[in-house]
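J.: Sharing model_0.cif here; it has mmCIF, N, CA and C atoms.
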data_coords
#
loop_
_atom_site.label_atom_id
_atom_site.label_comp_id
_atom_site.auth_asym_id
_atom_site.auth_seq_id
_atom_site.Cartn_x
_atom_site.Cartn_y
_atom_site.Cartn_z
N MET A 1 -19.01 -1.19 32.48
CA MET A 1 -18.96 -2.23 31.48
C MET A 1 -19.31 -1.63 30.12
N ILE A 2 -18.55 -2.01 29.11
CA ILE A 2 -18.80 -1.56 27.74
C ILE A 2 -18.94 -2.80 26.86
N ILE A 3 -19.99 -2.80 26.04
CA ILE A 3 -20.26 -3.89 25.12
C ILE A 3 -20.13 -3.36 23.70
N SER A 4 -19.42 -4.08 22.85
CA SER A 4 -19.37 -3.78 21.43
C SER A 4 -20.34 -4.73 20.73
N ALA A 5 -21.22 -4.18 19.91
CA ALA A 5 -22.25 -4.99 19.26
C ALA A 5 -22.18 -4.85 17.75
N GLY A 6 -22.37 -5.97 17.06
CA GLY A 6 -22.38 -5.95 15.61
C GLY A 6 -23.26 -7.05 15.05
N ALA A 7 -23.75 -6.81 13.86
CA ALA A 7 -24.63 -7.78 13.22
C ALA A 7 -24.63 -7.57 11.72
N ASP A 8 -25.02 -8.62 11.01
CA ASP A 8 -25.26 -8.47 9.58
C ASP A 8 -26.76 -8.25 9.36
N HIS A 9 -27.17 -8.28 8.11
CA HIS A 9 -28.57 -8.03 7.77
C HIS A 9 -29.52 -9.08 8.35
N GLY A 10 -29.03 -10.29 8.62
CA GLY A 10 -29.86 -11.34 9.20
C GLY A 10 -30.00 -11.23 10.71
N GLY A 11 -29.24 -10.35 11.32
CA GLY A 11 -29.27 -10.25 12.78
C GLY A 11 -29.48 -8.85 13.32
N PHE A 12 -29.59 -7.85 12.43
CA PHE A 12 -29.61 -6.47 12.92
C PHE A 12 -30.84 -6.18 13.78
N GLU A 13 -31.98 -6.78 13.49
CA GLU A 13 -33.18 -6.47 14.28
C GLU A 13 -33.00 -6.92 15.73
N LEU A 14 -32.50 -8.14 15.92
CA LEU A 14 -32.26 -8.63 17.28
C LEU A 14 -31.16 -7.83 17.95
N LYS A 15 -30.10 -7.53 17.23
CA LYS A 15 -29.00 -6.72 17.78
C LYS A 15 -29.51 -5.36 18.23
N ASP A 16 -30.31 -4.70 17.41
CA ASP A 16 -30.82 -3.38 17.76
C ASP A 16 -31.67 -3.43 19.03
N LYS A 17 -32.50 -4.45 19.18
CA LYS A 17 -33.32 -4.60 20.39
C LYS A 17 -32.45 -4.84 21.62
N LEU A 18 -31.41 -5.66 21.45
CA LEU A 18 -30.52 -5.95 22.57
C LEU A 18 -29.69 -4.73 22.96
N VAL A 19 -29.28 -3.94 21.98
CA VAL A 19 -28.55 -2.69 22.27
C VAL A 19 -29.44 -1.75 23.08
N GLU A 20 -30.69 -1.62 22.67
CA GLU A 20 -31.63 -0.76 23.41
C GLU A 20 -31.84 -1.29 24.82
N PHE A 21 -31.96 -2.60 24.96
CA PHE A 21 -32.12 -3.23 26.27
C PHE A 21 -30.92 -2.93 27.17
N LEU A 22 -29.71 -3.13 26.63
CA LEU A 22 -28.49 -2.89 27.42
C LEU A 22 -28.38 -1.42 27.83
N ARG A 23 -28.63 -0.53 26.92
CA ARG A 23 -28.55 0.90 27.24
C ARG A 23 -29.58 1.28 28.29
N GLY A 24 -30.74 0.63 28.25
CA GLY A 24 -31.77 0.86 29.25
C GLY A 24 -31.34 0.41 30.64
N LYS A 25 -30.40 -0.50 30.71
CA LYS A 25 -29.85 -0.96 31.98
C LYS A 25 -28.63 -0.14 32.40
N GLY A 26 -28.31 0.89 31.62
CA GLY A 26 -27.19 1.76 31.95
C GLY A 26 -25.84 1.23 31.48
N ILE A 27 -25.86 0.25 30.60
CA ILE A 27 -24.61 -0.31 30.06
C ILE A 27 -24.23 0.44 28.79
N SER A 28 -22.97 0.84 28.69
CA SER A 28 -22.49 1.53 27.49
C SER A 28 -22.34 0.53 26.36
N VAL A 29 -22.78 0.93 25.17
CA VAL A 29 -22.71 0.06 24.00
C VAL A 29 -22.10 0.82 22.83
N ILE A 30 -21.13 0.18 22.19
CA ILE A 30 -20.59 0.65 20.92
C ILE A 30 -21.33 -0.13 19.85
N ASP A 31 -22.16 0.53 19.08
CA ASP A 31 -22.95 -0.15 18.04
C ASP A 31 -22.20 -0.05 16.72
N ARG A 32 -21.67 -1.18 16.26
CA ARG A 32 -20.89 -1.24 15.03
C ARG A 32 -21.73 -1.51 13.79
N GLY A 33 -23.06 -1.58 13.95
CA GLY A 33 -23.92 -1.82 12.80
C GLY A 33 -24.05 -3.30 12.52
N THR A 34 -24.65 -3.64 11.49
CA THR A 34 -25.41 -2.88 10.54
C THR A 34 -26.78 -2.57 11.14
N ASN A 35 -27.49 -1.67 10.51
CA ASN A 35 -28.78 -1.26 11.04
C ASN A 35 -29.87 -1.25 9.97
N SER A 36 -29.74 -2.16 9.01
CA SER A 36 -30.75 -2.24 7.95
C SER A 36 -30.75 -3.65 7.35
N PRO A 37 -31.78 -3.98 6.59
CA PRO A 37 -31.83 -5.30 5.95
C PRO A 37 -30.99 -5.41 4.68
N GLU A 38 -30.28 -4.36 4.32
CA GLU A 38 -29.43 -4.39 3.13
C GLU A 38 -28.30 -5.40 3.33
N SER A 39 -28.08 -6.25 2.36
CA SER A 39 -27.10 -7.33 2.46
C SER A 39 -25.69 -6.79 2.72
N VAL A 40 -25.05 -7.34 3.76
CA VAL A 40 -23.68 -7.00 4.13
C VAL A 40 -22.95 -8.30 4.49
N ASP A 41 -21.65 -8.21 4.72
CA ASP A 41 -20.83 -9.39 5.01
C ASP A 41 -20.52 -9.47 6.50
N TYR A 42 -20.98 -10.55 7.14
CA TYR A 42 -20.80 -10.70 8.60
C TYR A 42 -19.36 -10.66 9.08
N PRO A 43 -18.35 -11.11 8.29
CA PRO A 43 -16.98 -11.02 8.81
C PRO A 43 -16.54 -9.58 9.11
N ASP A 44 -17.08 -8.62 8.39
CA ASP A 44 -16.71 -7.22 8.62
C ASP A 44 -17.12 -6.77 10.02
N PHE A 45 -18.28 -7.22 10.48
CA PHE A 45 -18.78 -6.80 11.79
C PHE A 45 -18.13 -7.61 12.91
N ALA A 46 -17.83 -8.87 12.64
CA ALA A 46 -17.09 -9.68 13.61
C ALA A 46 -15.72 -9.05 13.87
N LYS A 47 -15.08 -8.58 12.82
CA LYS A 47 -13.76 -7.96 12.95
C LYS A 47 -13.82 -6.69 13.78
N LEU A 48 -14.81 -5.85 13.53
CA LEU A 48 -14.94 -4.60 14.29
C LEU A 48 -15.13 -4.87 15.78
N VAL A 49 -16.00 -5.81 16.11
CA VAL A 49 -16.26 -6.14 17.51
C VAL A 49 -15.04 -6.79 18.15
N ALA A 50 -14.40 -7.71 17.44
CA ALA A 50 -13.20 -8.36 17.97
C ALA A 50 -12.11 -7.34 18.27
N HIS A 51 -11.91 -6.40 17.37
CA HIS A 51 -10.89 -5.37 17.58
C HIS A 51 -11.24 -4.47 18.76
N ASP A 52 -12.52 -4.19 18.96
CA ASP A 52 -12.90 -3.39 20.12
C ASP A 52 -12.49 -4.08 21.42
N ILE A 53 -12.64 -5.39 21.47
CA ILE A 53 -12.26 -6.14 22.67
C ILE A 53 -10.74 -6.22 22.79
N LEU A 54 -10.08 -6.60 21.72
CA LEU A 54 -8.63 -6.76 21.76
C LEU A 54 -7.90 -5.45 22.04
N GLU A 55 -8.47 -4.34 21.58
CA GLU A 55 -7.85 -3.03 21.81
C GLU A 55 -8.43 -2.33 23.04
N LYS A 56 -9.18 -3.10 23.86
CA LYS A 56 -9.68 -2.66 25.16
C LYS A 56 -10.64 -1.47 25.12
N ARG A 57 -11.35 -1.32 24.00
CA ARG A 57 -12.41 -0.32 23.93
C ARG A 57 -13.71 -0.88 24.51
N ALA A 58 -13.80 -2.23 24.57
CA ALA A 58 -14.99 -2.89 25.09
C ALA A 58 -14.57 -4.07 25.95
N ASP A 59 -15.42 -4.40 26.90
CA ASP A 59 -15.18 -5.54 27.78
C ASP A 59 -15.68 -6.84 27.18
N TYR A 60 -16.82 -6.76 26.51
CA TYR A 60 -17.46 -7.93 25.90
C TYR A 60 -18.03 -7.56 24.55
N GLY A 61 -18.34 -8.59 23.78
CA GLY A 61 -18.95 -8.37 22.48
C GLY A 61 -20.27 -9.11 22.36
N LEU A 62 -21.10 -8.59 21.47
CA LEU A 62 -22.39 -9.17 21.12
C LEU A 62 -22.45 -9.21 19.60
N LEU A 63 -22.63 -10.41 19.03
CA LEU A 63 -22.71 -10.55 17.59
C LEU A 63 -23.96 -11.32 17.21
N VAL A 64 -24.57 -10.92 16.09
CA VAL A 64 -25.76 -11.60 15.60
C VAL A 64 -25.71 -11.66 14.08
N CYS A 65 -25.86 -12.86 13.54
CA CYS A 65 -26.12 -13.02 12.11
C CYS A 65 -27.33 -13.93 12.00
N GLY A 66 -27.68 -14.35 10.80
CA GLY A 66 -28.89 -15.15 10.63
C GLY A 66 -28.90 -16.40 11.50
N SER A 67 -27.82 -17.16 11.46
CA SER A 67 -27.73 -18.40 12.25
C SER A 67 -26.87 -18.24 13.49
N GLY A 68 -26.00 -17.25 13.50
CA GLY A 68 -25.02 -17.08 14.57
C GLY A 68 -23.74 -17.86 14.32
N ILE A 69 -23.77 -18.76 13.37
CA ILE A 69 -22.62 -19.63 13.11
C ILE A 69 -21.50 -18.86 12.41
N GLY A 70 -21.80 -18.25 11.28
CA GLY A 70 -20.77 -17.58 10.50
C GLY A 70 -20.08 -16.46 11.26
N ILE A 71 -20.85 -15.65 11.95
CA ILE A 71 -20.27 -14.50 12.64
C ILE A 71 -19.42 -14.94 13.83
N SER A 72 -19.79 -16.06 14.49
CA SER A 72 -18.96 -16.55 15.60
C SER A 72 -17.69 -17.19 15.07
N ILE A 73 -17.76 -17.89 13.95
CA ILE A 73 -16.55 -18.45 13.34
C ILE A 73 -15.60 -17.32 12.95
N ALA A 74 -16.13 -16.28 12.33
CA ALA A 74 -15.29 -15.15 11.90
C ALA A 74 -14.61 -14.49 13.10
N ALA A 75 -15.35 -14.29 14.18
CA ALA A 75 -14.77 -13.65 15.37
C ALA A 75 -13.68 -14.52 15.98
N ASN A 76 -13.88 -15.82 15.98
CA ASN A 76 -12.91 -16.73 16.59
C ASN A 76 -11.61 -16.86 15.82
N ARG A 77 -11.51 -16.23 14.69
CA ARG A 77 -10.26 -16.22 13.92
C ARG A 77 -9.21 -15.31 14.57
N PHE A 78 -9.64 -14.47 15.51
CA PHE A 78 -8.73 -13.51 16.15
C PHE A 78 -8.22 -14.08 17.46
N LYS A 79 -6.89 -14.14 17.59
CA LYS A 79 -6.28 -14.64 18.82
C LYS A 79 -6.73 -13.80 20.01
N GLY A 80 -7.21 -14.47 21.04
CA GLY A 80 -7.69 -13.78 22.22
C GLY A 80 -9.19 -13.61 22.26
N ILE A 81 -9.84 -13.95 21.16
CA ILE A 81 -11.30 -13.89 21.10
C ILE A 81 -11.86 -15.28 21.30
N ARG A 82 -12.87 -15.35 22.16
CA ARG A 82 -13.58 -16.60 22.39
C ARG A 82 -15.07 -16.29 22.26
N ALA A 83 -15.58 -16.46 21.05
CA ALA A 83 -16.99 -16.18 20.77
C ALA A 83 -17.79 -17.46 20.91
N ALA A 84 -18.88 -17.38 21.65
CA ALA A 84 -19.73 -18.54 21.90
C ALA A 84 -21.11 -18.32 21.30
N LEU A 85 -21.52 -19.23 20.43
CA LEU A 85 -22.87 -19.23 19.90
C LEU A 85 -23.77 -19.83 20.98
N VAL A 86 -24.65 -19.02 21.52
CA VAL A 86 -25.47 -19.42 22.66
C VAL A 86 -26.90 -19.72 22.18
N THR A 87 -27.39 -20.89 22.60
CA THR A 87 -28.73 -21.32 22.19
C THR A 87 -29.60 -21.73 23.37
N ASN A 88 -29.07 -21.61 24.58
CA ASN A 88 -29.86 -21.92 25.77
C ASN A 88 -29.16 -21.32 26.99
N PRO A 89 -29.84 -21.29 28.14
CA PRO A 89 -29.24 -20.66 29.32
C PRO A 89 -27.98 -21.36 29.81
N ASP A 90 -27.92 -22.67 29.69
CA ASP A 90 -26.72 -23.39 30.13
C ASP A 90 -25.50 -23.02 29.30
N TYR A 91 -25.69 -22.85 27.99
CA TYR A 91 -24.58 -22.43 27.14
C TYR A 91 -24.09 -21.05 27.54
N ALA A 92 -25.02 -20.16 27.88
CA ALA A 92 -24.64 -18.80 28.30
C ALA A 92 -23.77 -18.87 29.55
N ARG A 93 -24.18 -19.65 30.51
CA ARG A 93 -23.45 -19.77 31.77
C ARG A 93 -22.11 -20.47 31.58
N LEU A 94 -22.13 -21.62 30.91
CA LEU A 94 -20.90 -22.41 30.74
C LEU A 94 -19.87 -21.72 29.84
N SER A 95 -20.34 -20.95 28.87
CA SER A 95 -19.40 -20.25 27.99
C SER A 95 -18.54 -19.28 28.78
N ARG A 96 -19.09 -18.73 29.85
CA ARG A 96 -18.33 -17.84 30.71
C ARG A 96 -17.55 -18.62 31.76
N GLN A 97 -18.22 -19.55 32.47
CA GLN A 97 -17.57 -20.27 33.56
C GLN A 97 -16.38 -21.10 33.09
N HIS A 98 -16.54 -21.83 32.01
CA HIS A 98 -15.51 -22.77 31.56
C HIS A 98 -14.64 -22.25 30.43
N ASN A 99 -15.19 -21.39 29.58
CA ASN A 99 -14.46 -20.97 28.38
C ASN A 99 -14.03 -19.51 28.41
N ASN A 100 -14.43 -18.78 29.44
CA ASN A 100 -14.11 -17.36 29.55
C ASN A 100 -14.42 -16.63 28.25
N ALA A 101 -15.58 -16.95 27.66
CA ALA A 101 -15.99 -16.32 26.41
C ALA A 101 -16.07 -14.82 26.60
N ASN A 102 -15.64 -14.08 25.58
CA ASN A 102 -15.72 -12.63 25.65
C ASN A 102 -16.67 -12.05 24.61
N ILE A 103 -17.26 -12.93 23.80
CA ILE A 103 -18.30 -12.53 22.85
C ILE A 103 -19.43 -13.55 22.92
N ILE A 104 -20.65 -13.05 22.98
CA ILE A 104 -21.83 -13.90 22.88
C ILE A 104 -22.42 -13.69 21.49
N ALA A 105 -22.78 -14.79 20.85
CA ALA A 105 -23.35 -14.72 19.50
C ALA A 105 -24.72 -15.39 19.49
N PHE A 106 -25.60 -14.82 18.69
CA PHE A 106 -26.95 -15.35 18.53
C PHE A 106 -27.30 -15.48 17.05
N GLY A 107 -28.21 -16.39 16.77
CA GLY A 107 -28.80 -16.51 15.45
C GLY A 107 -30.07 -15.69 15.41
N GLY A 108 -30.08 -14.62 14.66
CA GLY A 108 -31.23 -13.73 14.62
C GLY A 108 -32.49 -14.37 14.08
N ARG A 109 -32.33 -15.38 13.24
CA ARG A 109 -33.50 -16.06 12.67
C ARG A 109 -34.05 -17.15 13.57
N PHE A 110 -33.31 -17.51 14.63
CA PHE A 110 -33.67 -18.64 15.47
C PHE A 110 -33.81 -18.31 16.94
N THR A 111 -33.53 -17.06 17.33
CA THR A 111 -33.52 -16.68 18.73
C THR A 111 -34.52 -15.55 18.97
N THR A 112 -35.42 -15.75 19.91
CA THR A 112 -36.37 -14.69 20.24
C THR A 112 -35.66 -13.62 21.06
N PHE A 113 -36.22 -12.43 21.06
CA PHE A 113 -35.66 -11.35 21.85
C PHE A 113 -35.69 -11.72 23.33
N GLU A 114 -36.78 -12.30 23.80
CA GLU A 114 -36.89 -12.65 25.22
C GLU A 114 -35.82 -13.65 25.63
N ASP A 115 -35.58 -14.67 24.80
CA ASP A 115 -34.52 -15.64 25.11
C ASP A 115 -33.15 -14.97 25.08
N ALA A 116 -32.88 -14.20 24.03
CA ALA A 116 -31.58 -13.55 23.90
C ALA A 116 -31.32 -12.62 25.08
N LYS A 117 -32.32 -11.87 25.49
CA LYS A 117 -32.19 -10.95 26.62
C LYS A 117 -31.83 -11.73 27.89
N SER A 118 -32.52 -12.82 28.13
CA SER A 118 -32.26 -13.64 29.31
C SER A 118 -30.87 -14.25 29.27
N TRP A 119 -30.48 -14.80 28.13
CA TRP A 119 -29.18 -15.45 28.01
C TRP A 119 -28.05 -14.44 28.07
N LEU A 120 -28.28 -13.25 27.54
CA LEU A 120 -27.28 -12.19 27.62
C LEU A 120 -27.06 -11.76 29.07
N GLU A 121 -28.12 -11.65 29.84
CA GLU A 121 -27.98 -11.31 31.26
C GLU A 121 -27.19 -12.38 32.01
N ILE A 122 -27.44 -13.65 31.71
CA ILE A 122 -26.69 -14.74 32.33
C ILE A 122 -25.22 -14.62 31.96
N PHE A 123 -24.94 -14.43 30.68
CA PHE A 123 -23.58 -14.31 30.17
C PHE A 123 -22.83 -13.19 30.89
N LEU A 124 -23.45 -12.03 30.99
CA LEU A 124 -22.79 -10.86 31.57
C LEU A 124 -22.63 -10.94 33.09
N SER A 125 -23.43 -11.74 33.74
CA SER A 125 -23.36 -11.84 35.20
C SER A 125 -22.59 -13.06 35.70
N THR A 126 -22.08 -13.87 34.79
CA THR A 126 -21.36 -15.09 35.16
C THR A 126 -19.85 -14.86 35.03
N GLY A 127 -19.12 -15.29 36.04
CA GLY A 127 -17.66 -15.15 36.02
C GLY A 127 -16.97 -16.40 35.54
N PHE A 128 -15.71 -16.25 35.21
CA PHE A 128 -14.85 -17.35 34.80
C PHE A 128 -14.37 -18.09 36.04
N GLU A 129 -14.47 -19.42 36.03
CA GLU A 129 -14.06 -20.22 37.19
C GLU A 129 -12.55 -20.37 37.32
N GLY A 130 -11.83 -20.21 36.23
CA GLY A 130 -10.38 -20.39 36.29
C GLY A 130 -10.01 -21.84 36.54
N GLY A 131 -8.98 -22.06 37.37
CA GLY A 131 -8.56 -23.42 37.70
C GLY A 131 -8.17 -24.22 36.47
N ARG A 132 -8.70 -25.43 36.38
CA ARG A 132 -8.35 -26.33 35.28
C ARG A 132 -8.69 -25.74 33.91
N HIS A 133 -9.63 -24.81 33.90
CA HIS A 133 -10.05 -24.20 32.63
C HIS A 133 -9.00 -23.24 32.08
N GLU A 134 -8.17 -22.69 32.96
CA GLU A 134 -7.15 -21.73 32.52
C GLU A 134 -6.15 -22.36 31.56
N ARG A 135 -5.71 -23.58 31.83
CA ARG A 135 -4.75 -24.21 30.92
C ARG A 135 -5.38 -24.52 29.57
N ARG A 136 -6.65 -24.79 29.57
CA ARG A 136 -7.35 -25.07 28.30
C ARG A 136 -7.48 -23.79 27.47
N ILE A 137 -7.78 -22.71 28.12
CA ILE A 137 -7.86 -21.42 27.44
C ILE A 137 -6.49 -21.05 26.87
N ALA A 138 -5.44 -21.30 27.64
CA ALA A 138 -4.06 -21.02 27.18
C ALA A 138 -3.75 -21.83 25.93
N LYS A 139 -4.19 -23.07 25.87
CA LYS A 139 -3.95 -23.90 24.69
C LYS A 139 -4.68 -23.36 23.47
N ILE A 140 -5.87 -22.83 23.68
CA ILE A 140 -6.61 -22.22 22.56
C ILE A 140 -5.82 -21.04 22.01
N ASP A 141 -5.26 -20.23 22.90
CA ASP A 141 -4.54 -19.04 22.48
C ASP A 141 -3.16 -19.32 21.89
N GLU A 142 -2.67 -20.54 22.07
CA GLU A 142 -1.40 -20.92 21.45
C GLU A 142 -1.62 -21.04 19.97
#
Represent the supplied structure as structure tokens.
T.:
Amino acid sequence: MIISAGADHGGFELKDKLVEFLRGKGISVIDRGTNSPESVDYPDFAKLVAHDILEKRADYGLLVCGSGIGISIAANRFKGIRAALVTNPDYARLSRQHNNANIIAFGGRFTTFEDAKSWLEIFLSTGFEGGRHERRIAKIDE
């Protein structure tokens, strides 16, 4: 499994901790930055992560900005990307089961490392149910 990770200045601290956590579990991570509090534009990092998934360099993506809202909106502009802003364990599970999300997004200012770590593990270990959800995903991609 390969994860592409990106964040802006509002999310880099949480992203960096999650990258270290994933690597500690033996998961390969492509770290697209940013890695400092210097102001940057979240769409740039959403694009890098989205392209890693669409071009099959990564299986899943991890994005973090201050709220998680802007970076998930930016990622969802790319056909084939389904970025889910996760704020609890049920969202992590359902984003995979029902929406076949391929990017998990967090708000760095609102999500603790312990919560994000737990929700990320749920996200990565949950499969897509298919069935009735497949036609809905197809409609999104239209």
J.: Do a neighbour search on region 82-98 of chain A at 5 Å with only N, CA and C atoms, toss out local chain neighbours closer than 5 positions, and write the hits as a ChimeraX atom specification.
T.: /A:103-105,123,127-129
J.: Using the selection just defined, write its residues with N, CA and C atoms as a compact mmCIF listing (two decimals), keeping the file's coordinate frame.
T.:
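Final output, part-v6.txt:
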# COMPACT_ATOMS: atom_id res chain seq x y z
N ILE A 103 -17.26 -12.93 23.80
CA ILE A 103 -18.30 -12.53 22.85
C ILE A 103 -19.43 -13.55 22.92
N ILE A 104 -20.65 -13.05 22.98
CA ILE A 104 -21.83 -13.90 22.88
C ILE A 104 -22.42 -13.69 21.49
N ALA A 105 -22.78 -14.79 20.85
CA ALA A 105 -23.35 -14.72 19.50
C ALA A 105 -24.72 -15.39 19.49
N PHE A 123 -24.94 -14.43 30.68
CA PHE A 123 -23.58 -14.31 30.17
C PHE A 123 -22.83 -13.19 30.89
N GLY A 127 -19.12 -15.29 36.04
CA GLY A 127 -17.66 -15.15 36.02
C GLY A 127 -16.97 -16.40 35.54
N PHE A 128 -15.71 -16.25 35.21
CA PHE A 128 -14.85 -17.35 34.80
C PHE A 128 -14.37 -18.09 36.04
N GLU A 129 -14.47 -19.42 36.03
CA GLU A 129 -14.06 -20.22 37.19
C GLU A 129 -12.55 -20.37 37.32
J.: Taking all atoms listed in the file into account, name the residue in A:Ser67, A:Lys15, A:Gly6, A:Asp31 that is nearest to Asp44 (chain A).
T.: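 Going through A:Ser67, A:Lys15, A:Gly6, A:Asp31 one by one, the smallest distance to Asp44 (chain A) is for A:Gly6.
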J.: Would you mind writing down, as an MDAnalysis selection string, each residue of chain A that DSSP on the backbone assigns to alpha helix (DSSP H)?
T.: chainID A and resid 12:24 42:54 69:75 89:97 113:125 132:141
J.: Pick out the closest residue to Val64 (chain A) from this set: A:Arg135, A:His51, A:Arg77, A:Arg109. Count only C-alpha atoms.
T.: A:Arg109
J.: Every residue with an atom at most 7 Å from (-10.5, -13.0, 28.1) (file coordinates; all atoms listed in the file) is what I'm after, so could you write them as a PyMOL selection string?
T.: chain A and resi 80+82+100-102
J.: I need every residue sitting at most 12 Å from the point (-33.1, -6.0, 17.7) (coordinates as in the file, only C-alpha atoms considered), written as a PyMOL selection string.
T.: chain A and resi 5-22+31+33-37+62-65+106-109+111-114+116-117
J.: A:Asp115, A:Leu124, A:Ile73, A:Glu134: which is nearest Ala46 (chain A), counting only C-alpha atoms?
T.: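 For Ala46 (chain A), the nearest of the given residues is A:Ile73.
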J.: Give the answer as one residue: which of A:Asn76, A:Ala58, A:Arg132, A:Ile140 has the shortest atom-to-atom distance to Ile30 (chain A), using all atoms listed in the file?
T.: A:Ala58
J.: Atom N of Lys47 (chain A) to atom C of Ile71 (chain A): how many Å, to one decimal?
T.: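 That distance, rounded to one decimal, is 7.8 Å.
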J.: Go ahead and compute the interatomic distance for CA of Leu48 (chain A) and atom N of Val29 (chain A), in Å to one decimal.
T.: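 Going from CA of Leu48 (chain A) over to atom N of Val29 (chain A) covers 14.5 Å.
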J.: Record the distance separating CA of Arg136 (chain A) and CA of Glu121 (chain A), expressed in Å with one decimal.
T.: 25.0 Å
